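Asks: Sharing target_39.txt (compact mmCIF, C-alpha atoms) below.
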```txt
# COMPACT_ATOMS: atom_id res chain seq x y z
CA MET J 21 0.00 0.00 0.00
CA SER J 22 1.56 3.28 -1.03
CA VAL J 23 2.26 5.94 1.57
CA LEU J 24 -0.08 8.42 -0.12
CA ARG J 25 -2.94 5.93 -0.17
CA THR J 26 -2.34 5.15 3.51
CA VAL J 27 -2.39 8.84 4.39
CA ILE J 28 -5.62 9.36 2.45
CA ILE J 29 -7.28 6.36 4.10
CA ALA J 30 -6.07 7.55 7.50
CA LEU J 31 -7.49 11.02 6.89
CA VAL J 32 -10.81 9.61 5.70
CA LEU J 33 -11.02 7.37 8.76
CA LEU J 34 -10.13 10.28 11.01
CA VAL J 35 -12.86 12.42 9.48
CA MET J 36 -15.32 9.53 9.80
CA GLN J 37 -14.27 9.00 13.41
CA MET J 38 -14.84 12.67 14.18
CA THR J 39 -18.08 13.07 12.26
CA ILE J 40 -20.00 9.80 12.40
CA GLY J 41 -18.17 8.07 15.27
CA HIS J 42 -20.67 9.22 17.88
CA ARG J 43 -23.66 8.63 15.61
CA ILE J 44 -22.92 4.95 15.23
CA ALA J 45 -22.23 4.49 18.95
CA ILE J 46 -24.03 1.60 20.66
CA ALA J 47 -24.93 2.20 24.31
CA GLY J 48 -22.29 4.91 24.49
CA ALA J 49 -19.58 2.65 23.01
CA VAL J 50 -17.84 4.46 20.16
CA PRO J 51 -15.77 2.34 17.74
CA ASP J 52 -12.11 3.31 17.22
CA LEU J 53 -11.78 3.17 13.45
CA MET J 54 -8.14 4.20 13.52
CA ILE J 55 -7.17 1.00 15.36
CA ILE J 56 -8.57 -1.06 12.47
CA LEU J 57 -6.13 0.70 10.18
CA VAL J 58 -3.26 0.43 12.64
CA VAL J 59 -3.75 -3.34 12.92
CA ALA J 60 -4.04 -3.74 9.17
CA LEU J 61 -0.86 -1.79 8.57
CA VAL J 62 1.42 -3.10 11.30
CA LEU J 63 0.60 -6.81 11.18
CA PRO J 64 2.81 -7.61 8.19
CA ARG J 65 5.58 -5.22 9.22
CA GLY J 66 8.50 -5.16 11.60
CA PRO J 67 8.40 -3.46 15.02
CA VAL J 68 10.39 -0.37 13.99
CA LEU J 69 8.11 0.54 11.12
CA ALA J 70 5.10 -0.49 13.20
CA VAL J 71 6.01 1.96 15.96
CA ILE J 72 6.46 4.77 13.45
CA ILE J 73 3.13 4.01 11.80
CA GLY J 74 1.39 3.70 15.17
CA PHE J 75 2.88 6.96 16.40
CA LEU J 76 1.94 8.88 13.24
CA LEU J 77 -1.62 7.55 13.08
CA GLY J 78 -2.08 8.19 16.80
CA PHE J 79 -0.71 11.66 16.42
CA LEU J 80 -3.10 12.26 13.53
CA GLN J 81 -5.94 11.17 15.79
CA ASP J 82 -4.70 13.49 18.52
CA LEU J 83 -5.00 16.44 16.20
CA GLY J 84 -8.78 16.04 16.47
CA ASN J 85 -8.55 16.60 20.22
CA ALA J 86 -5.55 18.79 20.94
CA SER J 87 -6.13 18.83 24.71
CA PHE J 88 -4.52 15.39 24.92
CA LEU J 89 -1.99 15.81 22.14
CA GLY J 90 0.32 12.79 22.34
CA MET J 91 -2.12 10.50 24.13
CA ASN J 92 -3.18 8.47 21.10
CA ALA J 93 0.33 8.69 19.67
CA LEU J 94 1.63 7.00 22.81
CA ALA J 95 -1.13 4.39 22.92
CA LYS J 96 -0.94 3.52 19.23
CA SER J 97 2.87 3.32 19.32
CA VAL J 98 2.71 0.78 22.14
CA ILE J 99 -0.09 -1.18 20.48
CA ALA J 100 1.71 -1.22 17.13
CA TYR J 101 4.89 -2.39 18.77
CA GLY J 102 3.03 -5.12 20.63
CA ILE J 103 1.20 -6.36 17.55
CA ALA J 104 4.33 -6.35 15.42
CA ARG J 105 6.41 -7.99 18.14
CA LEU J 106 3.98 -10.61 19.31
CA GLY J 107 1.59 -11.11 16.46
CA GLY J 108 3.75 -10.74 13.36
CA GLY J 109 4.34 -14.41 12.64
CA LEU J 110 1.93 -15.94 15.12
CA ILE J 111 -1.45 -14.62 14.00
CA PRO J 112 -2.95 -16.77 11.21
CA GLU J 113 -4.26 -15.25 7.99
CA ASN J 114 -7.79 -15.34 9.25
CA VAL J 115 -10.20 -12.46 9.50
CA LEU J 116 -11.55 -13.62 12.82
CA PHE J 117 -8.10 -13.68 14.33
CA LYS J 118 -7.49 -10.21 13.06
CA GLY J 119 -10.75 -9.18 14.64
CA PHE J 120 -9.54 -10.62 17.91
CA VAL J 121 -6.30 -8.64 17.60
CA ILE J 122 -8.37 -5.50 17.06
CA VAL J 123 -10.39 -6.21 20.21
CA VAL J 124 -7.24 -6.70 22.30
CA ALA J 125 -5.60 -3.64 20.75
CA CYS J 126 -8.67 -1.58 21.57
CA LEU J 127 -8.64 -2.76 25.16
CA VAL J 128 -4.97 -1.86 25.57
CA ASN J 129 -5.53 1.48 23.84
CA ASP J 130 -8.43 2.31 26.15
CA LEU J 131 -6.50 1.25 29.20
CA LEU J 132 -3.60 3.53 28.31
CA THR J 133 -5.78 6.50 27.40
CA LEU J 134 -7.85 6.05 30.57
CA CYS J 135 -4.66 6.06 32.59
CA ILE J 136 -3.60 9.32 31.01
CA THR J 137 -6.98 11.08 31.07
CA THR J 138 -7.81 10.07 34.66
CA SER J 139 -4.25 10.56 35.93
CA PHE J 140 -4.07 6.91 36.99
CA SER J 141 -7.23 6.97 39.10
CA ILE J 142 -7.73 3.24 39.47
CA GLY J 143 -11.39 3.36 40.43
CA THR J 144 -12.39 5.50 37.47
CA ILE J 145 -10.24 3.45 35.13
CA PHE J 146 -11.91 0.21 36.14
CA MET J 147 -15.38 1.68 36.02
CA SER J 148 -14.91 3.22 32.58
CA PHE J 149 -13.09 0.18 31.30
CA PHE J 150 -15.90 -2.21 32.16
CA ARG J 151 -18.63 0.26 31.34
CA TYR J 152 -17.40 1.36 27.90
CA SER J 153 -14.12 -0.17 26.80
CA ILE J 154 -15.17 -3.82 26.54
CA LEU J 155 -18.26 -3.01 24.50
CA SER J 156 -16.37 -0.45 22.41
CA SER J 157 -13.59 -2.96 21.71
CA LEU J 158 -16.03 -5.66 20.67
CA TYR J 159 -17.85 -3.20 18.46
CA THR J 160 -14.60 -2.09 16.83
CA GLY J 161 -13.63 -5.74 16.36
CA VAL J 162 -16.91 -6.51 14.58
CA ILE J 163 -16.48 -3.49 12.30
CA GLY J 164 -12.89 -4.55 11.67
CA VAL J 165 -13.96 -8.06 10.67
CA ILE J 166 -16.56 -6.63 8.29
CA VAL J 167 -14.06 -4.19 6.76
CA TYR J 168 -11.31 -6.81 6.38
CA SER J 169 -13.77 -9.28 4.81
CA ALA J 170 -14.97 -6.65 2.37
CA VAL J 171 -11.40 -5.68 1.46
CA GLU J 172 -10.39 -9.34 0.96
CA LEU J 173 -13.45 -9.98 -1.19
CA LEU J 174 -12.71 -6.93 -3.33
CA THR J 175 -9.04 -7.85 -3.62
CA ARG J 176 -9.94 -11.36 -4.80
CA ARG J 177 -12.31 -9.99 -7.42
CA VAL J 178 -9.73 -7.52 -8.68
CA VAL J 179 -7.11 -10.28 -8.87
CA ARG J 180 -9.57 -12.55 -10.73
CA SER J 181 -10.58 -9.87 -13.22
CA GLY J 182 -6.89 -8.98 -13.69
CA ALA J 183 -6.07 -12.66 -14.34
CA GLY J 184 -8.86 -12.78 -16.93
CA PHE J 185 -6.97 -10.32 -19.05
CA MET S 23 29.80 4.98 20.53
CA HIS S 24 29.32 1.59 22.07
CA PHE S 25 26.12 2.81 23.66
CA LEU S 26 24.74 4.12 20.35
CA SER S 27 25.55 0.85 18.71
CA PHE S 28 23.74 -0.88 21.56
CA LEU S 29 20.68 1.32 21.01
CA PHE S 30 20.43 1.43 17.24
CA ASP S 31 21.93 -1.86 16.20
CA LYS S 32 20.93 -4.38 18.82
CA HIS S 33 17.71 -2.81 20.12
CA LEU S 34 16.50 -0.57 17.36
CA ASP S 35 12.83 -1.51 17.81
CA LYS S 36 12.88 -0.74 21.51
CA THR S 37 14.80 2.46 20.94
CA VAL S 38 12.25 3.64 18.38
CA LEU S 39 9.44 2.76 20.75
CA ALA S 40 11.18 4.62 23.56
CA ILE S 41 11.61 7.66 21.37
CA ALA S 42 7.93 7.51 20.33
CA VAL S 43 6.80 7.19 23.94
CA ALA S 44 9.12 9.99 25.03
CA LEU S 45 7.89 12.20 22.25
CA SER S 46 4.29 11.45 23.19
CA ILE S 47 4.97 12.31 26.81
CA VAL S 48 6.65 15.54 25.81
CA LEU S 49 3.61 16.38 23.72
CA LEU S 50 1.31 15.51 26.61
CA ALA S 51 3.33 17.59 29.02
CA ALA S 52 3.34 20.64 26.81
CA GLY S 53 1.19 23.62 27.76
CA GLN S 54 -2.46 23.53 26.76
CA GLN S 55 -2.25 26.63 24.58
CA SER S 56 0.89 25.43 22.89
CA LYS S 57 -0.73 22.05 22.16
CA ILE S 58 -3.74 23.66 20.55
CA GLU S 59 -1.63 26.02 18.50
CA ASN S 60 0.60 23.18 17.30
CA ALA S 61 -2.38 21.00 16.49
CA LYS S 62 -3.97 23.82 14.53
CA ALA S 63 -0.80 24.44 12.56
CA ILE S 64 -0.31 20.76 11.71
CA THR S 65 -3.98 20.27 10.86
CA ALA S 66 -3.85 23.27 8.57
CA VAL S 67 -0.91 21.75 6.71
CA LEU S 68 -2.47 18.29 6.52
CA LEU S 69 -5.88 19.50 5.50
CA TYR S 70 -4.56 22.03 3.01
CA PRO S 71 -5.66 19.96 -0.06
CA ALA S 72 -9.09 19.36 1.46
CA THR S 73 -9.37 23.06 2.28
CA LYS S 74 -8.45 23.87 -1.29
CA VAL S 75 -11.11 21.47 -2.61
CA GLY S 76 -13.66 22.99 -0.23
CA ASP S 77 -12.70 26.48 -1.34
CA TYR S 78 -13.07 25.36 -4.94
CA PHE S 79 -16.63 24.12 -4.37
CA ARG S 80 -17.49 27.24 -2.41
CA SER S 81 -16.11 29.32 -5.26
CA VAL S 82 -18.26 27.30 -7.70
CA ASP S 83 -21.36 28.19 -5.68
CA ARG S 84 -20.29 31.82 -5.56
CA LEU S 85 -19.58 31.86 -9.28
CA GLU S 86 -22.95 30.26 -10.04
CA ARG S 87 -24.66 32.96 -8.01
CA GLU S 88 -22.58 35.63 -9.66
CA ASN S 89 -23.29 34.11 -13.05
CA SER S 90 -27.04 34.18 -12.53
CA GLU S 91 -26.80 37.80 -11.32
CA LEU S 92 -24.75 38.69 -14.37
CA ARG S 93 -27.26 36.95 -16.64
CA ALA S 94 -30.04 39.04 -15.14
CA MET S 95 -27.88 42.10 -15.61
CA VAL S 96 -27.16 41.16 -19.22
CA ALA S 97 -30.90 40.76 -19.89
CA THR S 98 -31.56 44.19 -18.37
CA LEU S 99 -28.72 45.78 -20.29
CA TYR S 100 -29.86 44.08 -23.48
CA GLN S 101 -33.31 45.62 -23.07
CA GLU S 102 -31.72 48.93 -22.23
CA ARG S 103 -29.59 48.73 -25.35
CA GLU S 104 -32.65 47.91 -27.46
CA ARG S 105 -34.44 50.88 -25.97
CA LEU S 106 -31.49 53.16 -26.62
CA GLU S 107 -31.18 51.88 -30.17
CA GLN S 108 -34.82 52.75 -30.72
CA PHE S 109 -34.19 56.18 -29.27
CA GLY S 110 -31.22 56.56 -31.56
CA GLU S 111 -33.21 55.60 -34.62
CA GLU S 112 -36.02 57.92 -33.60
CA ARG S 113 -33.51 60.69 -33.08
CA ASN S 114 -32.07 60.15 -36.55
CA ARG S 115 -35.51 60.25 -38.11
CA LEU S 116 -36.37 63.39 -36.18
CA ARG S 117 -33.13 65.01 -37.24
CA GLN S 118 -34.05 64.32 -40.83
CA LEU S 119 -37.49 65.77 -40.19
CA LEU S 120 -35.99 68.83 -38.61
CA GLU S 121 -33.86 69.37 -41.65
CA LEU S 122 -37.10 69.49 -43.62
CA ARG S 123 -38.55 71.81 -41.06
CA ALA S 124 -35.67 74.15 -41.60
CA ASP S 125 -36.86 74.63 -45.19
CA PRO S 126 -38.34 78.11 -45.13
CA PHE S 127 -40.64 77.40 -48.04
CA TYR S 128 -43.01 75.21 -46.03
CA THR S 129 -44.29 75.05 -42.52
CA PHE S 130 -44.43 71.59 -41.05
CA LEU S 131 -46.09 70.12 -38.05
CA ALA S 132 -44.37 67.05 -36.72
CA CYS S 133 -46.62 64.22 -35.64
CA GLU S 134 -46.42 60.60 -34.64
CA VAL S 135 -48.40 57.65 -35.92
CA VAL S 136 -50.55 56.31 -33.11
CA ALA S 137 -52.72 53.79 -35.00
CA ARG S 138 -52.97 52.02 -38.34
CA SER S 139 -55.94 50.85 -40.31
CA THR S 140 -56.25 47.18 -41.13
CA GLY S 141 -58.21 47.55 -44.38
CA THR S 142 -56.83 46.09 -47.60
CA PHE S 143 -57.77 48.90 -49.95
CA PHE S 144 -58.38 51.78 -47.61
CA ARG S 145 -55.07 52.28 -45.88
CA SER S 146 -54.72 55.06 -43.37
CA VAL S 147 -52.97 55.96 -40.17
CA MET S 148 -53.94 58.02 -37.18
CA VAL S 149 -51.56 60.73 -36.03
CA ASP S 150 -51.41 62.57 -32.72
CA ARG S 151 -52.19 66.01 -34.07
CA GLY S 152 -55.65 67.42 -34.64
CA SER S 153 -57.69 70.51 -34.98
CA ALA S 154 -56.18 71.83 -31.76
CA ASP S 155 -52.93 72.02 -33.68
CA SER S 156 -54.58 73.71 -36.66
CA VAL S 157 -54.64 70.57 -38.73
CA ARG S 158 -57.25 70.63 -41.48
CA VAL S 159 -58.68 68.07 -43.86
CA GLY S 160 -56.70 67.85 -47.08
CA MET S 161 -53.34 68.87 -45.71
CA ALA S 162 -50.47 66.92 -47.23
CA VAL S 163 -48.49 64.60 -45.04
CA ILE S 164 -44.89 63.65 -45.68
CA GLY S 165 -42.37 61.35 -44.19
CA TYR S 166 -38.70 62.15 -44.04
CA ARG S 167 -38.21 60.61 -47.50
CA GLY S 168 -41.24 61.87 -49.34
CA LEU S 169 -44.98 62.24 -49.62
CA VAL S 170 -47.09 59.67 -47.80
CA GLY S 171 -50.69 60.94 -48.03
CA ARG S 172 -53.12 63.60 -46.93
CA VAL S 173 -55.29 64.33 -43.94
CA SER S 174 -58.77 62.89 -44.47
CA ARG S 175 -60.40 63.43 -41.10
CA VAL S 176 -59.60 65.71 -38.23
CA TYR S 177 -60.42 65.29 -34.56
CA PRO S 178 -59.49 67.67 -31.76
CA HIS S 179 -56.27 65.89 -30.90
CA SER S 180 -55.78 63.43 -33.71
CA ALA S 181 -56.20 63.12 -37.42
CA GLN S 182 -56.66 60.39 -39.97
CA VAL S 183 -54.12 60.35 -42.80
CA LEU S 184 -55.14 58.69 -46.02
CA LEU S 185 -52.04 57.07 -47.43
CA LEU S 186 -50.96 57.05 -51.03
CA ASN S 187 -51.32 53.28 -51.27
CA ASN S 188 -55.02 53.71 -51.49
CA LYS S 189 -57.30 53.12 -54.42
CA SER S 190 -59.09 56.39 -53.82
CA VAL S 191 -55.96 58.56 -53.90
CA SER S 192 -54.40 59.96 -57.04
CA VAL S 193 -51.53 62.42 -57.05
CA SER S 194 -50.59 64.72 -59.88
CA CYS S 195 -46.85 64.25 -60.36
CA ILE S 196 -44.06 65.60 -62.49
CA ASP S 197 -40.79 64.04 -63.62
CA ARG S 198 -38.10 66.14 -62.01
CA ARG S 199 -35.71 65.76 -64.97
CA SER S 200 -38.02 66.00 -68.00
CA ARG S 201 -40.98 67.81 -66.36
CA VAL S 202 -43.41 65.28 -67.83
CA VAL S 203 -46.67 65.29 -65.91
CA GLY S 204 -48.74 62.24 -65.04
CA MET S 205 -51.21 60.94 -62.51
CA LEU S 206 -49.81 58.61 -59.87
CA GLU S 207 -52.08 55.77 -58.83
CA TRP S 208 -51.49 52.91 -56.47
CA GLU S 209 -50.95 49.45 -57.88
CA ARG S 210 -49.69 47.21 -55.06
CA GLY S 211 -47.47 47.46 -52.00
CA ASN S 212 -45.17 50.42 -52.50
CA VAL S 213 -45.54 50.23 -56.28
CA PHE S 214 -47.45 52.89 -58.21
CA ARG S 215 -48.21 53.57 -61.84
CA LEU S 216 -47.77 56.95 -63.48
CA GLU S 217 -50.80 57.23 -65.74
CA TYR S 218 -51.39 59.35 -68.79
CA VAL S 219 -47.76 59.44 -69.91
CA GLY S 220 -47.61 59.54 -73.72
CA LYS S 221 -45.58 57.01 -75.67
CA GLU S 222 -43.24 59.73 -76.91
CA GLU S 223 -42.76 61.37 -73.52
CA ASP S 224 -39.28 61.46 -72.00
CA VAL S 225 -39.41 59.35 -68.87
CA ALA S 226 -36.47 57.17 -67.88
CA VAL S 227 -35.76 54.56 -65.26
CA GLY S 228 -34.27 56.22 -62.19
CA ASP S 229 -36.13 59.49 -62.64
CA THR S 230 -37.55 61.00 -59.51
CA VAL S 231 -41.23 61.84 -59.48
CA LEU S 232 -42.36 64.94 -57.57
CA THR S 233 -45.73 66.35 -56.70
CA SER S 234 -46.71 68.81 -59.41
CA GLY S 235 -48.95 70.98 -57.25
CA GLU S 236 -51.67 70.84 -59.88
CA GLY S 237 -55.14 70.35 -58.51
CA MET S 238 -54.06 72.24 -55.37
CA LEU S 239 -54.44 69.08 -53.33
CA PHE S 240 -50.75 68.48 -52.67
CA PRO S 241 -48.11 71.18 -52.47
CA ARG S 242 -45.63 71.25 -55.29
CA GLY S 243 -42.18 69.75 -55.29
CA PHE S 244 -42.33 66.93 -52.78
CA PRO S 245 -40.57 63.75 -53.88
CA VAL S 246 -42.93 60.83 -54.20
CA GLY S 247 -41.10 57.99 -55.87
CA THR S 248 -38.59 56.72 -58.36
CA VAL S 249 -39.27 55.26 -61.81
CA PHE S 250 -38.05 51.67 -61.86
CA ARG S 251 -39.67 50.19 -64.95
CA ILE S 252 -41.03 51.51 -68.25
CA SER S 253 -42.86 49.49 -70.87
CA ASP S 254 -45.09 50.26 -73.80
CA GLU S 255 -48.70 49.34 -73.39
CA ARG S 256 -49.61 46.82 -76.04
CA GLY S 257 -51.36 48.62 -78.90
CA GLY S 258 -51.70 51.72 -76.80
CA ILE S 259 -50.57 55.26 -77.08
CA ALA S 260 -49.31 55.57 -73.50
CA LYS S 261 -46.34 54.29 -71.61
CA ARG S 262 -46.64 52.00 -68.62
CA VAL S 263 -44.45 53.75 -66.01
CA SER S 264 -43.92 51.92 -62.74
CA VAL S 265 -42.86 53.97 -59.75
CA SER S 266 -41.77 52.80 -56.31
CA SER S 267 -42.60 55.18 -53.50
CA LEU S 268 -39.72 56.72 -51.61
CA ALA S 269 -41.47 56.41 -48.29
CA ASN S 270 -42.04 52.93 -46.95
CA LEU S 271 -45.78 53.21 -46.51
CA GLY S 272 -45.99 50.04 -44.51
CA ALA S 273 -43.68 51.27 -41.74
CA LEU S 274 -44.51 54.86 -40.91
CA GLU S 275 -43.75 56.27 -37.50
CA GLU S 276 -42.98 59.97 -37.49
CA LEU S 277 -44.68 62.12 -40.08
CA PHE S 278 -44.95 65.74 -40.94
CA ILE S 279 -48.11 67.62 -41.81
CA VAL S 280 -47.59 70.42 -44.32
CA THR S 281 -49.58 73.18 -42.71
CA ARG S 282 -48.54 76.08 -44.91
CA ALA S 283 -46.56 76.86 -48.05
CA ARG S 284 -45.41 80.28 -49.16
CA ASP S 285 -47.06 80.08 -52.52
CA TRP S 286 -49.59 77.50 -51.54
CA ASN S 287 -51.59 78.95 -48.71
CA ASP S 288 -54.95 79.13 -50.32
CA THR S 289 -57.30 77.51 -47.85
CA ARG S 290 -60.22 77.27 -50.26
CA ILE S 291 -59.29 73.74 -51.12
CA TYR S 292 -59.59 72.70 -47.48
CA ASP S 293 -63.01 74.25 -47.20
CA GLU S 294 -64.07 72.46 -50.33
CA LEU S 295 -62.73 69.13 -49.15
CA GLU S 296 -64.48 69.49 -45.86
CA ARG S 297 -67.69 70.33 -47.57
CA LEU S 298 -67.35 67.35 -49.86
CA GLU S 299 -66.68 64.94 -47.07
CA GLY S 300 -69.61 66.39 -45.12
CA LYS S 301 -67.63 66.95 -42.06
CA ARG S 302 -67.83 69.71 -39.60
CA ARG S 303 -64.94 72.11 -39.42
CA PRO S 304 -62.02 71.06 -37.24
CA GLY S 305 -62.05 72.40 -33.73
CA GLU S 306 -65.80 72.03 -33.42
CA GLY S 307 -65.49 68.65 -31.75
CA GLN S 308 -65.64 65.83 -34.22
```
Show me, as C-alpha cells, the structure contained in the file I just sent.

Replies:
Amino acid sequence: MSVLRTVIIALVLLVMQMTIGHRIAIAGAVPDLMIILVVALVLPRGPVLAVIIGFLLGFLQDLGNASFLGMNALAKSVIAYGIARLGGGLIPENVLFKGFVIVVACLVNDLLTLCITTSFSIGTIFMSFFRYSILSSLYTGVIGVIVYSAVELLTRRVVRSGAGF
Amino acid sequence: MHFLSFLFDKHLDKTVLAIAVALSIVLLAAGQQSKIENAKAITAVLLYPATKVGDYFRSVDRLERENSELRAMVATLYQERERLEQFGEERNRLRQLLELRADPFYTFLACEVVARSTGTFFRSVMVDRGSADSVRVGMAVIGYRGLVGRVSRVYPHSAQVLLLNNKSVSVSCIDRRSRVVGMLEWERGNVFRLEYVGKEEDVAVGDTVLTSGEGMLFPRGFPVGTVFRISDERGGIAKRVSVSSLANLGALEELFIVTRARDWNDTRIYDELERLEGKRRPGEGQ
C-alpha cells in the first residue's frame, strides 16, 4: 500500500471518526476506526516501522482533540509495537483472528488513554473500562472483521478480473 | 559509541518505541495553549488539499450565483440597449425631419403615428395632431423621404391620414428631370403607376417623381417615388411607367403635416374638401 494511499485512508477514517463516530455508537460505546487501520498496517511489518506508523496515526488522531496531544500517539505506538512484536508471525491469515487482535488492541488502547486522562485513578479506570471499553472494543472488532472481509473480497475480485486479461 | 551501537543496532525496535513514547509524553506535558496552536498548525498543513477542494466548491457556488446575477444584468442591459437603439433611430428620423422643417418654403407640423388601419384597400394611419394644432382636412403629409398621403379626417387631438397606397388617392406628379406630368395611382405594395404618360414622352428609369402641385391638393415639389420600370402598353398610345414610392408606406412612425406653403396657402381647397366629405370644421369637436 503506497504511503499516499495510507495517508488518504487515514485522513478519511479520522474524518469519519470525528463526524460519524458518535452517531454509530451503541450504548455509548464508540468504535475506534483508527485501530482497524493500525492493525491492518502493522501486522505484516516489523516493530520499527510499526512503531512509526502507530505513532503517526495516533498523532493524527490526537489532532482532532488537541487537549490530549500525544495521548493516542503514545497508545498507538505501544499497540503497534506489541502487535508487530507478538503477532507478526503468530497470527494466522484469518479475518476472525485479526478481529480478535483489534479487540485486544482496543482494550490496551483504552487502558492507556484512561490512565492518562484520569491521571491513573484506578477506580475511574476500572469503572470506565468495564462500562465502555469492553463493548467499544467488541464493536470495533466486529467493524474490523466486516471491513477486512470486504477488502479481501474486493481484492480477490480484482485479482480474478486482472487474471482474466 | 558503544552505547549508540547498543541502542540502534541491537535494540533498534525498543529504541524507536522509547523515542515515540518519550515524544508522546513531551507532547502531553506541553502547555495547553501550545498544544492547541501546534495542532492547529499541523492540521492546517495536513488539510490544506481538502481546504483547497472545499474552497473550490465554495467558489463554484459563488460563481454560479454571480453568473445568474450577471445573466439578469445582461438581460436588463440588453433591453436597455434595445431601448437606446430605438431612441437613436427615432432621433435620426427626427433630425431628418428637422432638416425638412428648416426649409423656409413650407411650414411643417411634426406628428407621430398612433394607430394604423387594417383595411386592404383603404389604408390610413392616425396621427397625434388634430384641430387643436390647426390641422385641417386635405393637408399633405410627408415622411422624411417623401410624400405619404393627406389628412382625411380631423379630430381635436388626432387626425386620420389617407395614405398614397389607397385606391381612392391619385396624385398629380411631375418628372423632375423632364418635367413630364402624369397621374400617380397605387398598384400594389409600395408600387405605383404613373398614368397618362404619352408614348413619346421622355421618362427614364431612375427618374424622380415629384408632386406637381396641380389640382391644389398636394403642395408642389415633394418627392414621391422613383421610376423603376417603363414598358409600352400593347397597342396603346401611352407608356406604362412603374414607380416605387420613396417612403415605406408600410412602416410609418414619425410624419410631418404640411400646414402652410409660401405660394400654396390658399385655404379654399380645405373648405371644399371638408364640404365634400360632409364633415364639420375642425375644432368644433368631431

Asks: Restrict the distance test to all atoms listed in the file, flag each residue of chain S within 12 Å of chain J, and return the flagged residues as a VMD selection string.

Replies: chain S and resid 30 to 31 33 to 69 71 to 72

Asks: When you count all atoms listed in the file, which of these residues is closest to Thr248 (chain S): S:Asp224, S:Asp197, S:Glu104, S:Glu236?

Replies: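 Of the candidates, the smallest distance to Thr248 (chain S) is held by S:Asp197.
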
Asks: Just to confirm, what's the straight-line distance from CA of Phe214 (chain S) to CA of Ser267 (chain S) in Å (one decimal)?

Replies: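 It comes out at 7.1 Å.
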
Asks: When you draw a straight line from CA of Ser266 (chain S) to CA of Ile196 (chain S), how long is it in Å?

Replies: 14.4 Å

Asks: What is the distance, in Å and to one decimal place, between CA of Tyr177 (chain S) and CA of Arg151 (chain S)?

Replies: 8.3 Å
